[in-house]
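I have placed the structure first, in the form of structure tokens, so that the comments after it can refer back to it.
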Amino acid sequence: MADAFDSPIDIDVETPAKALSGLAQMAAAVGVATLLLLLFNAHALAAWADGLAPGTRTEAINRAAQALLARTQARGLDAPRAVLNGKWEEAKALKWTGRWPGQPQDQRKKS
Amino acid sequence: MLFPTLDFAIFFLPVLVLVWTVGQASNEWRKIILLLASWIFYGAWDWRFVLLLIASAAINWSVAQRVHARVEAGERAQPWLALGVIANLAILGFFKYFGFFLEELAPILTRAGFGRDLPLIEVILPVGISFFTFQGMSYLIDIARGHTKPASFLDITLLMSFFPHLVAGPIVRASHLVPQFARVPTLTRGMVAASLLLIVWGLFKKTVIASELATGLVDTAFFDPAAQTGPDLLAGAYGYAVQIYCDFSAYSDTAVGLAGLLGYRFPRNFDQPYRAASLQDFWRRWHISLSSWLRDYLYISLGGNRGGVWFVCRNLLITMLLGGFWHGAKWTFLIWGGLHGGVLAIERLWREWRGADARPIIPRPLAILIIFHIVVAGWIFFRADTLDGALAYFAELAAWRAGVALTTPLLAGLILFGLAIHFTPPTLMPGMARRVAAWPAPLLGLAVAIAILLVDAMRFEGVAAFIYYQF
């Protein structure tokens with residue numbers, strides 16, 4: 001016998017007659033996302049391949065990943081991630097300015 | 001193999017394809033594929049523990065058959081049930097608590113002249129052991145109580161090994177999942193939309209908020225509290241509250257989402273816990289699968305609400321102390337459990353004295369603030385490596401040195417964001433999923449890719465293990 005329980009994926013949606021089924025929707029969406037990430041985030045695949053234990057098979061994977069990275073970089077596809085990463089690093093580097101109440105003068109430089 | 005890594009994505013995508021192609025034709029093959037995938041996933045840590053997982057499933061399957069046969073025959077099932085529970089506790093006890101008890105007993109045994117006979121065993125803790133042993137026990141108790149029917153060996157092994165929940169929950173009960181194993185599941189557009197949203201949201205919470213707070217603030221604050229200023233220590237405590245929520249709820253969200261893409265429903269494990277106005281309310285929102293497990297299998301077994309108020313308070317305290325001990329063999333976890341049990345008992349006494357229907361005497365926002373700070377105080381014990389470390393944290397916080405050195409504007413912003421998400425409307429995520437479900441597949445794929453790209457641009461180099469892996 002099954003317990004009735006609440007799951008976060010219980011979403012009632014009316015599916016139009018011509019719409020893809022759930023399975024087709026998932027297959028297409030995951031496929032598109034994977035393809036786009038291979039193109040725009042080849043850096044992640046290259047870093048992963050670089051970390052594989054050395055071996056003839058991993059060597060071939062590594063070469064393919066590096067070739068994909070080189071091609072996508074040549075077309076500037078890595079730029080969006082690089083720009084976003086740069087903005088994020090800038091945000092991380094931000095510091096408070098001014099002196100906090102009760103803070104000694106010499107501590108200000110640290111903060 | 002951690003969820004938010006490319007290793008896991010490369011493992012999961014072929015599993016997804018196999019399950020919805022080969023597994024579409026035969027439900028038995030579908031389950032075998034999932035079982036083998038789960039063993040590969042678990043074996044990535046240590047292959048030896050796959051055998052432990054199989055042995056544990058075999059014990060629970062075998063005992064469940066006997067318990068059920070006794071129940072059906074109208075005979076006493078208690079001896080078999082006790083044997084099964086003891087077997088699960090023995091597995092958990094050996095791997096998780098052996099070192100603790102040996103360490104605590106060592107001075108006594110040494111004084112008694114047995115010091116040199118103490119075994120020198122370094123016991124490695126198998127990941128997820130607390131989760132799958134609790135799952136096994138609840139299965140046996142449910143069979144004895146007649147709440148569920150015995151499952152086939154394949155089903156019970158898959159239930160205990162199923163990789164989305166295997167290492168850090170939610171604690172999915174047999175009555176939740178085994179009936180879903182009976183047939184090939186159907187995937188709806190709503191399930192797909194909600195699952196993808198949960199996975200991306202989990203990825204963001206873990207790799208951006210939790211990782212950034214851990215490495216930028218919390219780890220340093222707890223490593224050497226004496227070197228930190230008061231505001232940094234306060235931010236460190238708040239930061240840990242946000243970190244542990246974002247870390248653990250991210251695991252649960254990802255687990256629910258991954259299971260959803262495979263066609264299975266997992267129960268909700270978190271429900272905006274920091275908006276709780278009482279500790280009882282907090283435990284209805286935090287790690288719901290553990291708190292409901294403790295309620296159903298421990299608190300009720302101890303007598304629950306049957307009896308006088310002091311009896312109920314005793315049960316609350318014992319339940320929470322054992323809940324603390326479940327997290328690990330450390331005094332800090334016991335104190336954390338004791339603090340929660342104590343406050344739950346006080347709340348119970350207060351309700352008894354005031355009457356259950358009495359109007360609250362403090363406004364709800366103030367109650368939320370008070371409960372949040374009690375929870376944060378508990379987290380300091382939970383996070384500190386030792387009891388002395390926790391006490392030092394409180395002492396340095398009380399000493400309050402002015403200035404801010406660790407907490408950057410970004411970290412402060414992440415803490416505020418992590419708290420603010422507790423006060424969004426509970427219908428926000430389902431509403432978004434409903435809207436996303438209507439999108440065409442390429443648009444959904446594009447949105448997922450952009451979200452992952454954003455997260456990847458912000459994520460800290462590498463990903464630390466989830467906090468709950470150690471439990």
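Just so we're on the same page: first chain in the structure tokens is A, next is B, and so on; residues restart at 1 for each chain, and ligands are numbered from 1 in the order they show up.
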
Identify every residue of chain B that has at least one atom within 7 Å of any atom of chain A, counting only C-alpha atoms, and report the result as a PyMOL selection string.
-> chain B and resi 6+148-149+175-176+179+187-192+194-195+260+265-268+402-405+408-410+430+434+441-442+444-446+448-449+453+457-458

Could you dump the residues just selected with C-alpha atoms as a CSV table (one decimal), in the first residue's frame?
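Saved result, result.csv, follows:
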chain,number,residue,atom,x,y,z
B,6,LEU,CA,30.7,16.8,-14.7
B,148,THR,CA,3.3,-1.9,4.0
B,149,LYS,CA,3.6,-5.3,2.2
B,175,SER,CA,5.6,2.7,1.2
B,176,HIS,CA,6.7,5.8,-0.8
B,179,PRO,CA,4.5,0.9,-5.2
B,187,LEU,CA,6.6,11.4,-17.2
B,188,THR,CA,4.4,14.5,-17.3
B,189,ARG,CA,5.4,17.9,-18.6
B,190,GLY,CA,4.8,19.2,-15.0
B,191,MET,CA,7.2,16.6,-13.6
B,192,VAL,CA,9.9,17.5,-16.2
B,194,ALA,CA,9.6,20.9,-11.8
B,195,SER,CA,12.5,18.5,-11.9
B,260,GLY,CA,11.7,13.0,-11.2
B,265,ARG,CA,8.4,10.9,-6.9
B,266,PHE,CA,10.3,11.6,-3.8
B,267,PRO,CA,8.8,13.4,-0.7
B,268,ARG,CA,9.5,17.0,0.1
B,402,ALA,CA,34.7,45.8,16.4
B,403,GLY,CA,35.5,45.8,12.8
B,404,VAL,CA,34.9,43.7,9.7
B,405,ALA,CA,37.7,41.8,8.0
B,408,THR,CA,32.6,41.2,2.2
B,409,PRO,CA,29.6,42.9,0.7
B,410,LEU,CA,29.0,39.8,-1.6
B,430,PRO,CA,5.1,25.4,-8.3
B,434,ARG,CA,3.6,25.5,-14.3
B,441,ALA,CA,11.3,22.1,-25.5
B,442,PRO,CA,14.0,24.2,-27.2
B,444,LEU,CA,13.3,25.0,-21.9
B,445,GLY,CA,16.7,23.6,-23.0
B,446,LEU,CA,18.0,27.1,-23.7
B,448,VAL,CA,18.5,25.3,-18.5
B,449,ALA,CA,21.8,25.9,-20.5
B,453,LEU,CA,26.3,28.6,-17.6
B,457,ALA,CA,30.6,31.2,-14.1
B,458,MET,CA,30.0,31.9,-10.4

Any idea what's packed within 6 Å of Ala329 of chain B, counting only C-alpha atoms, ignoring anything in its chain fewer than 4 positions away? Could you give it as a list in words?
-> Tyr97, Phe100 and Phe325 of chain B

What separation in Å, quoted to one decimal, exists between atom CA of Leu233 of chain B and atom CA of Tyr245 of chain B?
->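 That distance, rounded to one decimal, is 18.3 Å.
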
Pick out the residues sitting within 6 Å of segment 128-130 of chain B, and hand them over as a PyMOL selection string; count only C-alpha atoms, and ignore anything fewer than 2 positions along from it in its own chain.
-> chain B and resi 126+132-133+167-168

Best match for closeness to Phe8 of chain B among B:Met160, B:Val67, B:Leu258, B:Leu34, counting only C-alpha atoms |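 Looking only at the distances to Phe8 of chain B, the closest residue turns out to be B:Leu258.
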